[in-house]
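Asks: Take this structure first; my questions come after.
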Amino acid sequence: MSQKVLLNAKEVNIALHRLSCQLIENHNTFHNTVLIGIQPRGIYLADRIKIMLEDDYKIKNIQLGYLDITFFRDDFRRGEKPLEANKTSINFLVEDKKIVFIDDVLYTGRSIRAALTAIQSFGRPSEIELLTLIDRRFSRHLPIQPDYRGRQVDAINDEKVKVCWKENEGEDTVYLISN
Amino acid sequence: MNELSVNHLLGIKHLTQADIQLIFETADHFKEVINRPIKKVPSLRDITIANLFFENSTRTRLSFELAEKRLSADVINFSAASSSVKKGETLIDTVNNILSMKVDMVVMRHPNPGAGVFLSQHINASIINAGDGAHEHPTQALLDCYSIRERLGSVSGKKVVIVGDILHSRVALSNIFALQLLGAKVKVCGPKTLVPKYIEKIGVEVESNLKAALEWCDVANMLRIQNERMDISYFPSTREYTQQYGVNRVLLDSLKKEIVIMHPGPINRGVEITSDVADSKQSIILEQVQNGVAIRMAVIYLLASKIKVHES
């Protein structure tokens, strides 16, 4: 097994700033926009973006929720391992809101497909966008593309992209792992 | 551990502590789901579940059906009163006929103890026991313990007294197994005629004085007198039973602490519990009903996840 650094701490930081600025361009004060981190791995990126928007760009009262998609996945009873659920916490209405889904890696697009269905349980948003730190190009199973991407990578199927965060793994780094 | 150790839910006796913890954690997620504006998830859209009720039920049956529908399963209902069982069909024949219509899971209530175990040895589908005679009623025990955990923070170390007709109660037996597995202390309280002779052998103390039992406990689970299972007279009169084993406001106010009151339903108001107690803040009877749906969703979801697509 070998691993290669795709993004180091500095590059992750630059990407986060760029993504935050792009969000501000489109959503201005965020008065009608909510951020939704996709469980389990998207919530760390969502937390970071929220903190950055508030601390560095002085945008107040950003609403952030976490969405778990386990019960909406299309591979229930199909894998070796049972699916494990995580916590959903959305303490606001999404009816007529603009939503930005935030996830760390976009791969087949199936998680986002599940998230699009799952969010309907909380109302009818006016529009939904997708922000992802890593976009694995040429690996989509569904016609889903990100609106904001940190870095586009070409990775073959048996390679894995791992996003590490300072608060969990001690450093902000993105690795490409191959067997 | 994120998988149950069993393929059927036949009784609490077959479960491990880790199984119950997993069911509770999964139920936490489903409790959040059933409080959403849209209370449905598509997980079980390719699973068909048959609810076979060979004995009457309102709450359990509705609760199971709702849990199945909230998970998007296809549901077929069957009650013995209006079926070929009346014409002499055997249990296995009835179930096999239903299964040949491609049913993946069976929820069964049956008047004979052990009916679920018997069926699990003869058919190839996941079985959930929704009550078998006076034997077990596992989902009720799970939702009771879940409700205690929700109200008091945990089940471990709590003192629970089960009051009333222990002899005929599947709720009592399943509750005793589940509470003990989760580390609670259990006493039973009731007329001697309605307490099984060897109950102390499974680590349960018997207390015949209701006031003493209530002083001791954190939670009192009040059971109904199961007149339909009584072929002889077990106590002189309902009035006398109520005087000795019914809870009322005066009795609860005379205790040194506030205890939690539970009841699996259906309530006989004025017999084992008075209306002012049943509807008071101390009572978690309606929380039990709400938690019942979440617990049953969790059990069905976890068992269904063990039915792999290529096998079904």
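Numbering starts fresh at 1 for the residues of each chain in the structure tokens, the chains themselves are lettered A, B, ... in the order given, and ligands are numbered from 1 as they appear.
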Residues of chain A near chain B: apply a cut-off of 10 Å, count only C-alpha atoms, and supply the list as an NGL selection string.

Replies: :A and (68-90 or 93 or 114 or 117-123)

Asks: Give the alpha helix (DSSP H) residues of range 82-255 of chain B, as assigned by DSSP on the backbone, as number ranges by chain.

Replies: B: 91-99, 115-122, 138-152, 170-181, 210-216, 238-245, 249-253

Asks: Store the residues picked out above in a file with C-alpha atoms, as a tab-separated table (two decimals), in the first residue's frame.

Replies:
chain	number	residue	atom	x	y	z
B	91	LEU	CA	-49.56	-23.06	11.36
B	92	ILE	CA	-46.76	-24.21	9.05
B	93	ASP	CA	-49.13	-24.59	6.11
B	94	THR	CA	-50.59	-21.15	6.68
B	95	VAL	CA	-47.19	-19.53	6.92
B	96	ASN	CA	-45.69	-21.46	4.00
B	97	ASN	CA	-48.57	-20.38	1.81
B	98	ILE	CA	-47.93	-16.80	2.73
B	99	LEU	CA	-44.18	-17.18	2.23
B	115	ALA	CA	-44.88	-20.70	18.41
B	116	GLY	CA	-42.16	-18.36	17.08
B	117	VAL	CA	-39.33	-20.75	17.91
B	118	PHE	CA	-41.23	-23.63	16.31
B	119	LEU	CA	-41.83	-21.63	13.16
B	120	SER	CA	-38.21	-20.48	12.91
B	121	GLN	CA	-37.15	-24.14	12.72
B	122	HIS	CA	-39.46	-24.85	9.81
B	138	PRO	CA	-39.66	-8.98	23.25
B	139	THR	CA	-40.44	-5.70	21.48
B	140	GLN	CA	-42.55	-4.59	24.45
B	141	ALA	CA	-39.67	-5.26	26.83
B	142	LEU	CA	-37.28	-3.41	24.53
B	143	LEU	CA	-39.51	-0.37	24.32
B	144	ASP	CA	-40.09	-0.42	28.09
B	145	CYS	CA	-36.34	-0.45	28.77
B	146	TYR	CA	-35.80	2.18	26.07
B	147	SER	CA	-38.41	4.40	27.75
B	148	ILE	CA	-36.72	3.95	31.14
B	149	ARG	CA	-33.37	4.84	29.56
B	150	GLU	CA	-34.93	7.91	27.99
B	151	ARG	CA	-36.55	9.11	31.24
B	152	LEU	CA	-33.84	8.15	33.76
B	170	ARG	CA	-45.44	-12.30	28.58
B	171	VAL	CA	-44.61	-8.65	29.16
B	172	ALA	CA	-43.41	-9.49	32.67
B	173	LEU	CA	-41.13	-12.31	31.57
B	174	SER	CA	-39.55	-10.39	28.68
B	175	ASN	CA	-39.16	-7.33	30.89
B	176	ILE	CA	-37.43	-9.35	33.59
B	177	PHE	CA	-34.94	-10.80	31.07
B	178	ALA	CA	-34.26	-7.42	29.44
B	179	LEU	CA	-33.96	-5.44	32.67
B	180	GLN	CA	-31.60	-7.98	34.18
B	181	LEU	CA	-29.50	-8.08	31.02
B	210	LEU	CA	-47.44	-2.80	47.17
B	211	LYS	CA	-46.47	0.19	49.32
B	212	ALA	CA	-43.17	-1.45	50.31
B	213	ALA	CA	-42.49	-2.31	46.68
B	214	LEU	CA	-43.15	1.26	45.54
B	215	GLU	CA	-40.94	2.68	48.30
B	216	TRP	CA	-38.12	0.48	47.03
B	238	THR	CA	-61.71	-6.97	41.34
B	239	ARG	CA	-62.52	-4.51	44.09
B	240	GLU	CA	-60.32	-6.35	46.55
B	241	TYR	CA	-57.51	-6.58	43.98
B	242	THR	CA	-57.67	-2.84	43.38
B	243	GLN	CA	-57.53	-2.11	47.10
B	244	GLN	CA	-54.35	-4.13	47.51
B	245	TYR	CA	-52.55	-3.79	44.18
B	249	ARG	CA	-52.68	9.36	43.74
B	250	VAL	CA	-52.93	9.06	47.55
B	251	LEU	CA	-50.58	6.08	47.55
B	252	LEU	CA	-48.03	7.79	45.27
B	253	ASP	CA	-48.14	11.00	47.32

Asks: Name all residues at most 12 Å from Asn77 in chain B (count only C-alpha atoms; drop same-chain ones fewer than 5 positions away) and give them as a ChimeraX atom specification.

Replies: /B:48-54,61-62,64-65,68,82-83,98,103,106-109

Asks: Could you write out that same residue set with C-alpha atoms as a JSON list (two decimals), in the first residue's frame?

Replies:
[["chain", "number", "residue", "atom", "x", "y", "z"],
["B", 48, "THR", "CA", -42.28, -7.59, 2.18],
["B", 49, "ILE", "CA", -43.48, -8.23, 5.71],
["B", 50, "ALA", "CA", -46.45, -10.35, 6.79],
["B", 51, "ASN", "CA", -48.15, -9.51, 10.07],
["B", 52, "LEU", "CA", -49.73, -12.72, 11.31],
["B", 53, "PHE", "CA", -51.96, -12.16, 14.29],
["B", 54, "PHE", "CA", -53.46, -15.36, 15.64],
["B", 61, "ARG", "CA", -50.30, -4.51, 15.53],
["B", 62, "LEU", "CA", -50.72, -0.84, 14.67],
["B", 64, "PHE", "CA", -45.66, -2.83, 13.87],
["B", 65, "GLU", "CA", -47.62, -1.83, 10.80],
["B", 68, "GLU", "CA", -43.03, -1.21, 8.60],
["B", 82, "SER", "CA", -61.00, -14.27, 9.25],
["B", 83, "SER", "CA", -58.73, -16.93, 7.77],
["B", 98, "ILE", "CA", -47.93, -16.80, 2.73],
["B", 103, "VAL", "CA", -42.51, -12.61, 1.91],
["B", 106, "VAL", "CA", -42.96, -12.52, 9.48],
["B", 107, "VAL", "CA", -44.27, -10.69, 12.53],
["B", 108, "MET", "CA", -46.31, -13.16, 14.52],
["B", 109, "ARG", "CA", -48.53, -13.11, 17.58]]

Asks: Could you please determine the separation between CA of Ser156 in chain B and CA of Lys13 in chain B in Å, to one decimal place?

Replies: 17.7 Å

Asks: Would you list the contacts of Leu130 in chain A as a PDB file with C-alpha atoms, in the first residue's frame, taking every protein, DNA or RNA residue within 10 Å and counting only C-alpha atoms, but skipping same-chain residues closer than 5 positions in sequence?

Replies:
ATOM      1  CA  LEU A  35     -25.240  24.719   4.865  1.00  0.00           C
ATOM      2  CA  ILE A  36     -25.784  20.974   5.210  1.00  0.00           C
ATOM      3  CA  ILE A  99     -29.148  24.642   0.443  1.00  0.00           C
ATOM      4  CA  VAL A 100     -25.459  23.948  -0.012  1.00  0.00           C
ATOM      5  CA  PHE A 101     -24.589  20.289   0.490  1.00  0.00           C
ATOM      6  CA  ILE A 102     -21.048  19.874   1.755  1.00  0.00           C
ATOM      7  CA  ASP A 103     -19.100  16.621   1.463  1.00  0.00           C
ATOM      8  CA  LEU A 106     -17.448  13.245  -4.574  1.00  0.00           C
ATOM      9  CA  ILE A 112     -25.493  12.852  -3.060  1.00  0.00           C
ATOM     10  CA  ILE A 144     -24.249  14.656 -10.540  1.00  0.00           C
ATOM     11  CA  GLN A 145     -21.565  17.390 -10.609  1.00  0.00           C
ATOM     12  CA  PRO A 146     -20.303  19.771  -7.916  1.00  0.00           C
ATOM     13  CA  ASP A 147     -20.970  23.527  -8.051  1.00  0.00           C
ATOM     14  CA  TYR A 148     -17.867  24.254  -5.961  1.00  0.00           C
ATOM     15  CA  ARG A 149     -14.819  22.020  -5.962  1.00  0.00           C
TER      16      ARG A 149
END

Asks: Within 10 Å of range 228-230 of chain B, counting only C-alpha atoms, which residues show up once you throw out same-chain ones fewer than 6 positions away? Write them as a list of chain:residue names, please.

Replies: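 Counting only the stated atoms, we get B:Pro111, B:Gly133, B:Ala134, B:Leu167, B:His168, B:Ser169.
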
Asks: Rounded to one decimal, what separation in Å do you get between CA of Ser2 in chain A and CA of Lys162 in chain A?

Replies: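 Those two atoms sit 12.5 Å apart.
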
Asks: What separation in Å, quoted to one decimal, exists between CA of Pro125 in chain A and CA of Val293 in chain B?

Replies: 28.3 Å

Asks: Using DSSP on the backbone, list every residue of range 5-155 of chain A that comes out as strand (DSSP E or B), and give them as a PDB file with C-alpha atoms, in the first residue's frame.

Replies:
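File produced: states-v6.pdb:
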ATOM      1  CA  VAL A   5      -0.149  13.612  -0.704  1.00  0.00           C
ATOM      2  CA  LEU A   6      -2.690  15.301  -2.963  1.00  0.00           C
ATOM      3  CA  LEU A   7      -3.102  18.435  -0.872  1.00  0.00           C
ATOM      4  CA  THR A  33     -28.995  29.977   2.568  1.00  0.00           C
ATOM      5  CA  VAL A  34     -28.258  27.019   4.820  1.00  0.00           C
ATOM      6  CA  LEU A  35     -25.240  24.719   4.865  1.00  0.00           C
ATOM      7  CA  ILE A  36     -25.784  20.974   5.210  1.00  0.00           C
ATOM      8  CA  GLY A  37     -22.828  18.719   6.012  1.00  0.00           C
ATOM      9  CA  ILE A  38     -23.286  15.150   4.794  1.00  0.00           C
ATOM     10  CA  GLN A  63     -27.192  28.013   9.734  1.00  0.00           C
ATOM     11  CA  LEU A  64     -25.507  24.629   9.576  1.00  0.00           C
ATOM     12  CA  GLY A  65     -27.089  21.205   9.810  1.00  0.00           C
ATOM     13  CA  TYR A  66     -25.891  17.623   9.506  1.00  0.00           C
ATOM     14  CA  LEU A  67     -27.725  15.154   7.318  1.00  0.00           C
ATOM     15  CA  SER A  89     -29.431  17.417  13.240  1.00  0.00           C
ATOM     16  CA  LYS A  98     -31.150  27.640  -0.708  1.00  0.00           C
ATOM     17  CA  ILE A  99     -29.148  24.642   0.443  1.00  0.00           C
ATOM     18  CA  VAL A 100     -25.459  23.948  -0.012  1.00  0.00           C
ATOM     19  CA  PHE A 101     -24.589  20.289   0.490  1.00  0.00           C
ATOM     20  CA  ILE A 102     -21.048  19.874   1.755  1.00  0.00           C
ATOM     21  CA  ASP A 103     -19.100  16.621   1.463  1.00  0.00           C
ATOM     22  CA  ASP A 104     -15.407  15.839   1.460  1.00  0.00           C
ATOM     23  CA  VAL A 105     -15.118  13.580  -1.597  1.00  0.00           C
ATOM     24  CA  LEU A 106     -17.448  13.245  -4.574  1.00  0.00           C
ATOM     25  CA  GLU A 127     -32.479  25.116  -4.771  1.00  0.00           C
ATOM     26  CA  ILE A 128     -29.632  22.826  -3.830  1.00  0.00           C
ATOM     27  CA  GLU A 129     -25.943  23.221  -4.631  1.00  0.00           C
ATOM     28  CA  LEU A 130     -23.025  20.913  -3.971  1.00  0.00           C
ATOM     29  CA  LEU A 131     -19.642  21.789  -2.525  1.00  0.00           C
ATOM     30  CA  THR A 132     -16.924  19.173  -2.338  1.00  0.00           C
ATOM     31  CA  LEU A 133     -13.259  19.363  -1.419  1.00  0.00           C
ATOM     32  CA  ILE A 134     -12.208  16.580  -3.787  1.00  0.00           C
ATOM     33  CA  ASP A 135     -13.952  15.753  -7.042  1.00  0.00           C
ATOM     34  CA  ARG A 136     -12.952  12.329  -8.383  1.00  0.00           C
ATOM     35  CA  TYR A 148     -17.867  24.254  -5.961  1.00  0.00           C
ATOM     36  CA  ARG A 149     -14.819  22.020  -5.962  1.00  0.00           C
ATOM     37  CA  GLY A 150     -11.550  22.243  -4.082  1.00  0.00           C
ATOM     38  CA  ARG A 151      -9.491  20.016  -6.343  1.00  0.00           C
ATOM     39  CA  GLN A 152     -10.291  17.704  -9.189  1.00  0.00           C
ATOM     40  CA  VAL A 153      -8.374  14.421  -9.204  1.00  0.00           C
TER      41      VAL A 153
END

Asks: Ala155 in chain A: which residues within 9 Å, counting only C-alpha atoms, same-chain residues fewer than 6 positions away excluded, as a list in words?

Replies: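 Listing them by chain and then by number gives Arg136, Arg137, Phe138, Ser139, Val161 and Leu176 of chain A.
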